[in-house]
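Peer 1: Sending over my_file_32.cif (mmCIF, C-alpha atoms and all ligand atoms).
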data_protein
#
loop_
_atom_site.group_PDB
_atom_site.id
_atom_site.type_symbol
_atom_site.label_atom_id
_atom_site.label_comp_id
_atom_site.auth_asym_id
_atom_site.auth_seq_id
_atom_site.Cartn_x
_atom_site.Cartn_y
_atom_site.Cartn_z
ATOM 1 C CA SER A 1446 -14.666 -18.406 8.678
ATOM 2 C CA THR A 1447 -14.516 -15.412 10.971
ATOM 3 C CA THR A 1448 -13.570 -12.128 9.348
ATOM 4 C CA TYR A 1449 -12.117 -10.497 12.454
ATOM 5 C CA PRO A 1450 -9.888 -9.474 14.078
ATOM 6 C CA VAL A 1451 -9.183 -7.135 11.197
ATOM 7 C CA ALA A 1452 -7.222 -3.927 10.652
ATOM 8 C CA VAL A 1453 -7.445 -1.750 7.536
ATOM 9 C CA ALA A 1454 -5.578 1.444 6.731
ATOM 10 C CA THR A 1455 -5.426 4.007 3.971
ATOM 11 C CA TRP A 1456 -2.520 3.543 1.533
ATOM 12 C CA ASN A 1457 0.034 0.764 1.470
ATOM 13 C CA PHE A 1458 0.859 0.978 5.170
ATOM 14 C CA GLN A 1459 1.508 -2.710 5.701
ATOM 15 C CA ASN A 1460 3.831 -2.144 8.674
ATOM 16 C CA ALA A 1461 1.103 -0.224 10.462
ATOM 17 C CA VAL A 1462 -1.633 -2.843 9.942
ATOM 18 C CA LYS A 1463 0.864 -5.554 10.835
ATOM 19 C CA LYS A 1464 1.513 -3.825 14.157
ATOM 20 C CA ALA A 1465 -2.223 -3.421 14.773
ATOM 21 C CA GLY A 1466 -2.697 -7.077 13.791
ATOM 22 C CA GLU A 1467 -0.100 -8.217 16.318
ATOM 23 C CA PHE A 1468 -1.979 -6.390 19.050
ATOM 24 C CA LEU A 1469 -5.384 -7.703 17.917
ATOM 25 C CA SER A 1470 -4.105 -11.282 17.634
ATOM 26 C CA THR A 1471 -2.899 -11.254 21.205
ATOM 27 C CA GLY A 1472 -6.229 -10.063 22.565
ATOM 28 C CA SER A 1473 -5.755 -6.280 22.619
ATOM 29 C CA SER A 1474 -8.744 -4.013 22.286
ATOM 30 C CA ALA A 1475 -9.470 -2.358 18.948
ATOM 31 C CA LEU A 1476 -8.708 0.985 20.593
ATOM 32 C CA ASP A 1477 -5.191 -0.024 21.716
ATOM 33 C CA ALA A 1478 -4.506 -1.709 18.372
ATOM 34 C CA VAL A 1479 -5.557 1.255 16.266
ATOM 35 C CA GLU A 1480 -3.467 3.675 18.328
ATOM 36 C CA GLN A 1481 -0.392 1.438 18.143
ATOM 37 C CA GLY A 1482 -0.956 0.865 14.437
ATOM 38 C CA VAL A 1483 -1.024 4.493 13.349
ATOM 39 C CA MET A 1484 1.882 5.338 15.679
ATOM 40 C CA VAL A 1485 4.090 3.322 13.313
ATOM 41 C CA GLU A 1486 3.577 5.963 10.635
ATOM 42 C CA GLU A 1487 3.773 8.899 13.056
ATOM 43 C CA ALA A 1488 7.268 7.726 13.962
ATOM 44 C CA ASN A 1489 8.291 6.902 10.367
ATOM 45 C CA LEU A 1490 10.644 9.694 9.270
ATOM 46 C CA LYS A 1491 10.241 8.655 5.631
ATOM 47 C CA ASN A 1492 6.530 9.383 5.774
ATOM 48 C CA THR A 1493 6.353 13.111 5.019
ATOM 49 C CA THR A 1494 2.591 13.373 5.611
ATOM 50 C CA VAL A 1495 2.350 12.082 9.191
ATOM 51 C CA GLY A 1496 3.956 12.926 12.520
ATOM 52 C CA ASN A 1497 7.712 13.203 12.803
ATOM 53 C CA GLY A 1498 9.212 14.093 9.410
ATOM 54 C CA GLY A 1499 5.916 15.573 8.183
ATOM 55 C CA ALA A 1500 6.114 18.328 5.574
ATOM 56 C CA PRO A 1501 5.689 21.819 7.046
ATOM 57 C CA ASP A 1502 3.195 24.526 6.151
ATOM 58 C CA ARG A 1503 4.367 27.286 3.813
ATOM 59 C CA ASP A 1504 5.970 29.166 6.727
ATOM 60 C CA GLY A 1505 8.001 26.144 7.814
ATOM 61 C CA ASN A 1506 5.855 24.986 10.764
ATOM 62 C CA VAL A 1507 5.099 21.263 11.135
ATOM 63 C CA THR A 1508 1.514 21.200 12.468
ATOM 64 C CA LEU A 1509 -0.257 17.928 13.138
ATOM 65 C CA ASP A 1510 -3.918 16.872 13.123
ATOM 66 C CA ALA A 1511 -5.206 13.587 14.576
ATOM 67 C CA CYS A 1512 -8.272 11.964 16.039
ATOM 68 C CA ILE A 1513 -9.394 8.695 17.568
ATOM 69 C CA MET A 1514 -12.791 7.062 18.220
ATOM 70 C CA SER A 1515 -13.665 4.241 20.589
ATOM 71 C CA PRO A 1516 -16.329 1.541 20.217
ATOM 72 C CA ALA A 1517 -18.394 3.417 22.806
ATOM 73 C CA GLY A 1518 -18.590 6.357 20.393
ATOM 74 C CA ASP A 1519 -16.226 8.521 22.411
ATOM 75 C CA ALA A 1520 -13.860 10.718 20.451
ATOM 76 C CA GLY A 1521 -10.737 12.795 20.953
ATOM 77 C CA SER A 1522 -8.935 15.092 18.571
ATOM 78 C CA VAL A 1523 -6.016 17.501 18.314
ATOM 79 C CA VAL A 1524 -5.531 20.092 15.612
ATOM 80 C CA TYR A 1525 -2.650 22.402 14.724
ATOM 81 C CA LEU A 1526 -0.448 20.635 17.266
ATOM 82 C CA HIS A 1527 3.292 21.413 17.153
ATOM 83 C CA HIS A 1528 6.297 19.464 18.430
ATOM 84 C CA ILE A 1529 4.652 16.197 19.515
ATOM 85 C CA GLU A 1530 5.555 13.030 17.640
ATOM 86 C CA HIS A 1531 2.399 11.091 18.492
ATOM 87 C CA PRO A 1532 -0.669 13.322 18.139
ATOM 88 C CA VAL A 1533 -2.968 10.260 18.108
ATOM 89 C CA SER A 1534 -1.939 9.523 21.688
ATOM 90 C CA VAL A 1535 -2.641 13.115 22.699
ATOM 91 C CA ALA A 1536 -6.048 12.785 21.004
ATOM 92 C CA ARG A 1537 -6.683 9.665 23.085
ATOM 93 C CA LYS A 1538 -5.786 11.588 26.244
ATOM 94 C CA VAL A 1539 -8.196 14.358 25.235
ATOM 95 C CA MET A 1540 -10.881 11.668 24.888
ATOM 96 C CA GLU A 1541 -10.100 9.940 28.186
ATOM 97 C CA GLU A 1542 -8.821 12.697 30.467
ATOM 98 C CA THR A 1543 -10.802 15.826 29.561
ATOM 99 C CA PRO A 1544 -14.470 16.815 29.249
ATOM 100 C CA HIS A 1545 -13.743 17.890 25.626
ATOM 101 C CA VAL A 1546 -13.398 16.347 22.177
ATOM 102 C CA MET A 1547 -10.946 18.686 20.458
ATOM 103 C CA LEU A 1548 -7.958 20.758 21.561
ATOM 104 C CA ALA A 1549 -6.073 23.095 19.228
ATOM 105 C CA GLY A 1550 -2.630 24.622 18.920
ATOM 106 C CA GLU A 1551 -1.007 26.047 22.059
ATOM 107 C CA GLY A 1552 -3.654 24.595 24.361
ATOM 108 C CA ALA A 1553 -3.229 21.135 22.858
ATOM 109 C CA LEU A 1554 0.559 21.392 23.261
ATOM 110 C CA GLN A 1555 0.237 22.577 26.858
ATOM 111 C CA PHE A 1556 -2.105 19.666 27.615
ATOM 112 C CA ALA A 1557 0.266 17.186 25.940
ATOM 113 C CA ILE A 1558 3.178 18.381 28.050
ATOM 114 C CA GLN A 1559 1.079 18.144 31.217
ATOM 115 C CA GLN A 1560 0.310 14.563 30.209
ATOM 116 C CA GLY A 1561 4.014 13.757 29.967
ATOM 117 C CA PHE A 1562 4.595 13.987 26.218
ATOM 118 C CA LYS A 1563 8.016 15.306 25.184
ATOM 119 C CA LYS A 1564 8.435 18.366 23.001
ATOM 120 C CA GLN A 1565 10.658 17.723 20.015
ATOM 121 C CA GLU A 1566 11.683 19.103 16.638
ATOM 122 C CA LEU A 1567 9.650 17.372 13.922
ATOM 123 C CA LEU A 1568 11.078 19.146 10.871
ATOM 124 C CA THR A 1569 13.707 16.836 9.386
ATOM 125 C CA GLU A 1570 16.588 18.042 7.223
ATOM 126 C CA GLU A 1571 14.962 16.425 4.183
ATOM 127 C CA SER A 1572 11.586 18.087 4.799
ATOM 128 C CA GLU A 1573 13.271 21.440 5.380
ATOM 129 C CA LYS A 1574 15.217 21.078 2.151
ATOM 130 C CA ALA A 1575 12.088 20.167 0.168
ATOM 131 C CA TRP A 1576 10.232 23.137 1.698
ATOM 132 C CA LYS A 1577 13.040 25.551 0.738
ATOM 133 C CA GLU A 1578 12.922 24.223 -2.806
ATOM 134 C CA TRP A 1579 9.160 24.739 -2.809
ATOM 135 C CA LEU A 1580 9.637 28.357 -1.666
ATOM 136 C CA GLU A 1581 11.434 29.065 -4.939
ATOM 137 C CA HIS A 1582 8.233 28.661 -6.981
ATOM 138 C CA LYS A 1583 5.494 28.569 -4.277
ATOM 139 C CA ASN A 1584 3.151 26.544 -6.433
ATOM 140 C CA TYR A 1585 0.482 25.120 -4.099
ATOM 141 C CA LYS A 1586 -0.763 22.020 -5.852
ATOM 142 C CA PRO A 1587 -1.530 18.977 -3.728
ATOM 143 C CA ILE A 1588 -0.095 15.785 -5.179
ATOM 144 C CA ILE A 1589 -2.699 13.184 -6.234
ATOM 145 C CA ASN A 1590 -1.050 10.035 -4.832
ATOM 146 C CA ILE A 1591 1.992 9.855 -2.589
ATOM 147 C CA GLU A 1592 1.434 6.127 -2.114
ATOM 148 C CA ASN A 1593 3.255 5.172 1.073
ATOM 149 C CA HIS A 1594 4.141 8.676 2.300
ATOM 150 C CA ASP A 1595 0.656 9.757 3.094
ATOM 151 C CA THR A 1596 -2.027 10.297 5.723
ATOM 152 C CA ILE A 1597 -2.986 7.224 7.704
ATOM 153 C CA GLY A 1598 -6.568 6.471 8.660
ATOM 154 C CA MET A 1599 -7.126 3.084 10.280
ATOM 155 C CA LEU A 1600 -10.060 0.961 11.444
ATOM 156 C CA CYS A 1601 -9.647 -2.065 13.707
ATOM 157 C CA MET A 1602 -12.140 -4.711 14.807
ATOM 158 C CA ASP A 1603 -11.016 -6.803 17.740
ATOM 159 C CA GLU A 1604 -11.785 -10.396 18.737
ATOM 160 C CA LYS A 1605 -15.022 -9.268 20.381
ATOM 161 C CA GLY A 1606 -16.150 -7.536 17.194
ATOM 162 C CA ASP A 1607 -15.736 -4.028 18.603
ATOM 163 C CA ILE A 1608 -14.563 -1.276 16.251
ATOM 164 C CA ALA A 1609 -12.167 1.624 16.888
ATOM 165 C CA GLY A 1610 -10.609 4.076 14.454
ATOM 166 C CA ALA A 1611 -7.895 6.717 14.188
ATOM 167 C CA CYS A 1612 -6.608 9.195 11.647
ATOM 168 C CA THR A 1613 -3.351 11.181 11.788
ATOM 169 C CA THR A 1614 -1.584 13.586 9.425
ATOM 170 C CA SER A 1615 0.635 16.608 9.001
ATOM 171 C CA GLY A 1616 -1.931 17.739 6.439
ATOM 172 C CA LEU A 1617 -1.289 18.934 2.931
ATOM 173 C CA ALA A 1618 2.307 19.993 2.339
ATOM 174 C CA TYR A 1619 2.758 23.788 2.214
ATOM 175 C CA LYS A 1620 -0.772 24.509 3.390
ATOM 176 C CA MET A 1621 -1.437 27.980 4.804
ATOM 177 C CA ASN A 1622 -0.352 28.544 8.387
ATOM 178 C CA GLY A 1623 -3.346 27.690 10.566
ATOM 179 C CA ARG A 1624 -5.007 25.373 8.054
ATOM 180 C CA VAL A 1625 -6.720 22.305 9.505
ATOM 181 C CA GLY A 1626 -7.928 19.481 7.267
ATOM 182 C CA ASP A 1627 -10.451 16.685 7.489
ATOM 183 C CA SER A 1628 -8.290 14.156 9.296
ATOM 184 C CA PRO A 1629 -8.984 15.304 12.901
ATOM 185 C CA ILE A 1630 -12.640 16.156 12.217
ATOM 186 C CA ILE A 1631 -15.021 13.517 13.556
ATOM 187 C CA GLY A 1632 -17.374 12.672 10.686
ATOM 188 C CA ALA A 1633 -15.013 13.875 7.956
ATOM 189 C CA GLY A 1634 -11.649 12.079 8.204
ATOM 190 C CA LEU A 1635 -13.035 9.390 10.522
ATOM 191 C CA PHE A 1636 -16.351 8.158 11.776
ATOM 192 C CA LEU A 1637 -17.627 4.955 13.280
ATOM 193 C CA ASP A 1638 -20.669 3.555 14.967
ATOM 194 C CA ASN A 1639 -19.939 0.271 16.694
ATOM 195 C CA GLU A 1640 -23.364 -1.052 15.698
ATOM 196 C CA ILE A 1641 -22.766 -0.380 11.989
ATOM 197 C CA GLY A 1642 -19.129 0.050 10.987
ATOM 198 C CA GLY A 1643 -16.613 2.779 10.273
ATOM 199 C CA ALA A 1644 -14.950 4.818 7.555
ATOM 200 C CA VAL A 1645 -11.724 6.796 7.064
ATOM 201 C CA ALA A 1646 -10.652 9.276 4.418
ATOM 202 C CA THR A 1647 -7.498 10.585 2.790
ATOM 203 C CA GLY A 1648 -6.761 13.090 0.063
ATOM 204 C CA MET A 1649 -7.937 16.671 -0.344
ATOM 205 C CA GLY A 1650 -9.331 17.417 3.097
ATOM 206 C CA GLU A 1651 -11.376 20.389 1.965
ATOM 207 C CA ALA A 1652 -13.513 18.146 -0.270
ATOM 208 C CA VAL A 1653 -13.939 15.563 2.487
ATOM 209 C CA MET A 1654 -14.957 18.184 5.061
ATOM 210 C CA LYS A 1655 -17.574 19.728 2.779
ATOM 211 C CA SER A 1656 -19.206 16.339 2.231
ATOM 212 C CA VAL A 1657 -18.756 14.974 5.797
ATOM 213 C CA GLY A 1658 -17.629 11.886 3.934
ATOM 214 C CA SER A 1659 -16.930 9.360 6.680
ATOM 215 C CA PHE A 1660 -20.177 10.088 8.498
ATOM 216 C CA LEU A 1661 -22.040 9.799 5.207
ATOM 217 C CA ILE A 1662 -20.544 6.365 4.537
ATOM 218 C CA VAL A 1663 -21.505 5.018 7.970
ATOM 219 C CA GLU A 1664 -25.053 6.330 7.530
ATOM 220 C CA LEU A 1665 -25.304 4.734 4.076
ATOM 221 C CA MET A 1666 -24.171 1.413 5.547
ATOM 222 C CA ARG A 1667 -26.841 1.851 8.239
ATOM 223 C CA GLN A 1668 -29.385 2.102 5.431
ATOM 224 C CA GLY A 1669 -28.196 -1.210 4.023
ATOM 225 C CA LYS A 1670 -25.427 -0.352 1.581
ATOM 226 C CA THR A 1671 -22.287 -2.485 1.524
ATOM 227 C CA PRO A 1672 -19.016 -0.753 2.470
ATOM 228 C CA GLN A 1673 -18.111 -0.680 -1.229
ATOM 229 C CA GLU A 1674 -21.423 0.867 -2.321
ATOM 230 C CA ALA A 1675 -21.237 3.435 0.472
ATOM 231 C CA CYS A 1676 -17.679 4.514 -0.473
ATOM 232 C CA GLU A 1677 -18.715 4.833 -4.120
ATOM 233 C CA GLU A 1678 -21.695 7.033 -3.245
ATOM 234 C CA ALA A 1679 -19.497 9.330 -1.118
ATOM 235 C CA VAL A 1680 -16.938 9.751 -3.922
ATOM 236 C CA ASN A 1681 -19.671 10.242 -6.542
ATOM 237 C CA ARG A 1682 -21.138 13.088 -4.511
ATOM 238 C CA ILE A 1683 -17.744 14.797 -4.263
ATOM 239 C CA VAL A 1684 -17.184 14.422 -7.995
ATOM 240 C CA ALA A 1685 -20.651 15.839 -8.723
ATOM 241 C CA LYS A 1686 -20.049 18.919 -6.553
ATOM 242 C CA ASN A 1687 -16.459 19.690 -7.604
ATOM 243 C CA THR A 1688 -15.894 20.506 -11.275
ATOM 244 C CA ASN A 1689 -12.127 20.442 -10.610
ATOM 245 C CA TYR A 1690 -12.118 16.842 -9.360
ATOM 246 C CA GLN A 1691 -9.459 15.980 -11.963
ATOM 247 C CA ASP A 1692 -7.003 18.029 -9.908
ATOM 248 C CA PHE A 1693 -7.290 16.262 -6.570
ATOM 249 C CA GLN A 1694 -7.576 12.853 -4.974
ATOM 250 C CA VAL A 1695 -10.069 11.704 -2.346
ATOM 251 C CA ALA A 1696 -10.147 8.115 -1.112
ATOM 252 C CA PHE A 1697 -12.265 6.296 1.449
ATOM 253 C CA VAL A 1698 -11.969 2.924 3.161
ATOM 254 C CA ALA A 1699 -14.940 1.487 5.055
ATOM 255 C CA MET A 1700 -15.650 -1.597 7.127
ATOM 256 C CA ASN A 1701 -18.947 -2.962 8.407
ATOM 257 C CA LYS A 1702 -19.776 -5.052 11.466
ATOM 258 C CA LYS A 1703 -19.204 -8.263 9.526
ATOM 259 C CA GLY A 1704 -15.617 -7.250 8.789
ATOM 260 C CA GLU A 1705 -16.424 -6.631 5.121
ATOM 261 C CA ILE A 1706 -14.290 -3.912 3.577
ATOM 262 C CA GLY A 1707 -14.869 -1.492 0.725
ATOM 263 C CA SER A 1708 -12.826 1.280 -0.829
ATOM 264 C CA TYR A 1709 -13.227 3.866 -3.549
ATOM 265 C CA CYS A 1710 -11.309 6.908 -4.756
ATOM 266 C CA ILE A 1711 -11.350 9.489 -7.547
ATOM 267 C CA HIS A 1712 -8.073 8.587 -9.251
ATOM 268 C CA GLU A 1713 -6.199 5.350 -9.810
ATOM 269 C CA GLY A 1714 -3.236 4.770 -7.519
ATOM 270 C CA PHE A 1715 -4.842 4.538 -4.098
ATOM 271 C CA SER A 1716 -4.645 1.258 -2.218
ATOM 272 C CA TYR A 1717 -5.417 0.128 1.301
ATOM 273 C CA ALA A 1718 -3.468 -2.180 3.589
ATOM 274 C CA LYS A 1719 -5.258 -4.925 5.453
ATOM 275 C CA PHE A 1720 -4.577 -7.396 8.227
ATOM 276 C CA GLN A 1721 -7.138 -10.221 8.143
ATOM 277 C CA HIS A 1722 -6.942 -14.011 8.533
ATOM 278 C CA ASP A 1723 -3.411 -13.515 9.957
ATOM 279 C CA GLU A 1724 -2.268 -12.079 6.650
ATOM 280 C CA VAL A 1725 -1.076 -8.594 5.668
ATOM 281 C CA THR A 1726 -1.974 -7.448 2.142
ATOM 282 C CA ASN A 1727 -1.993 -4.378 -0.061
ATOM 283 C CA ASN A 1728 -5.264 -3.933 -1.968
ATOM 284 C CA PRO A 1729 -5.594 -1.614 -4.971
ATOM 285 C CA SER A 1730 -8.806 0.393 -4.715
ATOM 286 C CA LYS A 1731 -11.470 0.800 -7.365
ATOM 287 C CA PHE A 1732 -11.547 4.350 -8.713
ATOM 288 C CA TYR A 1733 -13.847 6.814 -10.462
ATOM 289 C CA THR A 1734 -11.817 8.308 -13.342
ATOM 290 C CA LYS A 1735 -11.915 6.313 -16.514
HETATM 291 C C1 LIG A 1801 -5.589 16.714 4.742
HETATM 292 N N1 LIG A 1801 -6.573 14.598 4.202
HETATM 293 O O1 LIG A 1801 -4.991 17.337 5.616
HETATM 294 C C2 LIG A 1801 -5.366 15.229 4.647
HETATM 295 C C3 LIG A 1801 -4.174 14.990 3.790
HETATM 296 C C4 LIG A 1801 -4.107 13.692 3.071
HETATM 297 O O2 LIG A 1801 -3.368 12.563 1.256
HETATM 298 O O3 LIG A 1801 -4.825 12.761 3.306
HETATM 299 N N2 LIG A 1801 -3.265 13.596 2.086
HETATM 300 O O4 LIG A 1801 -6.334 17.252 3.917
#
What's the structure tokens form of this structure?
Peer 2:
Amino acid sequence: STTYPVAVATWNFQNAVKKAGEFLSTGSSALDAVEQGVMVEEANLKNTTVGNGGAPDRDGNVTLDACIMSPAGDAGSVVYLHHIEHPVSVARKVMEETPHVMLAGEGALQFAIQQGFKKQELLTEESEKAWKEWLEHKNYKPIINIENHDTIGMLCMDEKGDIAGACTTSGLAYKMNGRVGDSPIIGAGLFLDNEIGGAVATGMGEAVMKSVGSFLIVELMRQGKTPQEACEEAVNRIVAKNTNYQDFQVAFVAMNKKGEIGSYCIHEGFSYAKFQHDEVTNNPSKFYTK
């Protein structure tokens, strides 16, 4: 039986893969499906790690990072973007409407507004309240698993077998002002090669950036590893290089050209959502810590 169309996403984001699946099932391109899929979480006010409702940095600013890649290998990215609910769509505009790959901060916001995006307040009452509580102790300690309130990275393969990917986040809660994570970095939070497959990451962005994790996974698949083996190798390298791996989570999801999926993470509790064979499922990931 055919394994695609297929959509996979980090964490238990079944609504997002369902949306992507609806687009894929009615003949949409992987690129349209992946954008529409992750937009579900950008708009979800209950998700405090993506888009509208995202947790702020330690100074109270909600700053968003996102990127997108097309089957052709084109890429667009925005970092440190304020006041725009759908950074993935701005990233797509960067890819399609500019000679660049990445726009940051004020320039990214200015570009978004020129493209017709509306400026809005993204800090919700709940997120503001949680931030003010955090200010009382100021203990910066990223949470290992926030299950369905987390960063979304998604890969889609359409009816033609073409792969697109996206990743979008408000980053780690109470990060330093100006901090950018792995999610909008091509090769770290997301990478794909339409001849091989793709990978997405979530968790402690600093560890993912230093290992260029998603690029590594695609290259390992190119050398013949399965998506599962490639994800395991990427996590093993991070564990080997970080003596404090007990204190943070990193998780990867990968897909190859056959629509085979693999996933691996440091700590138990990560799962990925999948749309395949017209069915939406949540799939607990294998993990490193015993
Ligand atoms: C970051 N990787 O900004 C993102 C955050 C994340 O689970 O995925 N949290 O580092």
Peer 1: Within 6 Å of A:Val1495, counting all atoms listed in the file, which residues qualify if same-chain residues fewer than 3 places away don't, as a list in words?
Peer 2: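 Near A:Val1495, the qualifying residues are Glu1487, Gly1499, Thr1596, Thr1614 and Ser1615 of chain A.
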Peer 1: For the file shown, what are the residues hit by the PyMOL selection byres (((chain A and resi 1459-1475) around 9) and not hetatm), laid out as number ranges by chain?
Peer 2: A: 1450-1454, 1456-1458, 1476-1486, 1515-1516, 1597, 1599-1610, 1717-1721, 1723-1727
Peer 1: Distance limit 8 Å, reference ligand LIG 1801 (chain A), atoms considered: all atoms listed in the file. Which residues make the cut? Give them as a PyMOL selection string.
Peer 2: chain A and resi 1494+1510+1588-1591+1595-1597+1614-1617+1625-1628+1634+1646-1651+1653+1694-1695
Peer 1: Taking into account all atoms listed in the file, which residue in the set A:Asn1622, A:Ile1513, A:Thr1508, A:Pro1532 is nearest to A:Ala1488?
Peer 2: A:Pro1532
Peer 1: With all atoms listed in the file as the counted atoms, please give the residues lying no more than 6 Å from A:Met1621, apart from itself and same-chain residues fewer than 2 positions off, as a count of residues only.
Peer 2: 3
Peer 1: Using all atoms listed in the file, can you list as a list in words the residues within 9 Å of (-18.0, 13.8, 0.3)?
Peer 2: Ala1633, Ala1652, Val1653, Met1654, Lys1655, Ser1656, Val1657, Gly1658, Ser1659, Leu1661, Ile1662, Glu1678, Ala1679, Val1680, Asn1681, Arg1682, Ile1683, Val1684, Lys1686 and Val1695 of chain A
Peer 1: Nearest to A:Val1524 among A:Ile1641, A:Ala1549, A:Met1666, A:Ala1618, with distances taken over all atoms listed in the file: which residue is it?
Peer 2: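 So, comparing all the options, the nearest one is A:Ala1549.
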Peer 1: Using only C-alpha atoms, find the one residue out of A:His1712, A:Lys1670, A:His1527, A:Lys1735 that sits nearest to A:Ala1699.
Peer 2: A:Lys1670
Peer 1: If I take atom CA of A:Lys1491 and atom CA of A:Tyr1525, how far is one from the other in Å, to one decimal?
Peer 2: 20.9 Å
Peer 1: Between A:Asn1728, A:Thr1448, A:Asn1506, A:Asn1701, single out the one closest to A:Glu1573, counting all atoms listed in the file.
Peer 2: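 Counting all atoms listed in the file, the residue closest to A:Glu1573 is A:Asn1506.
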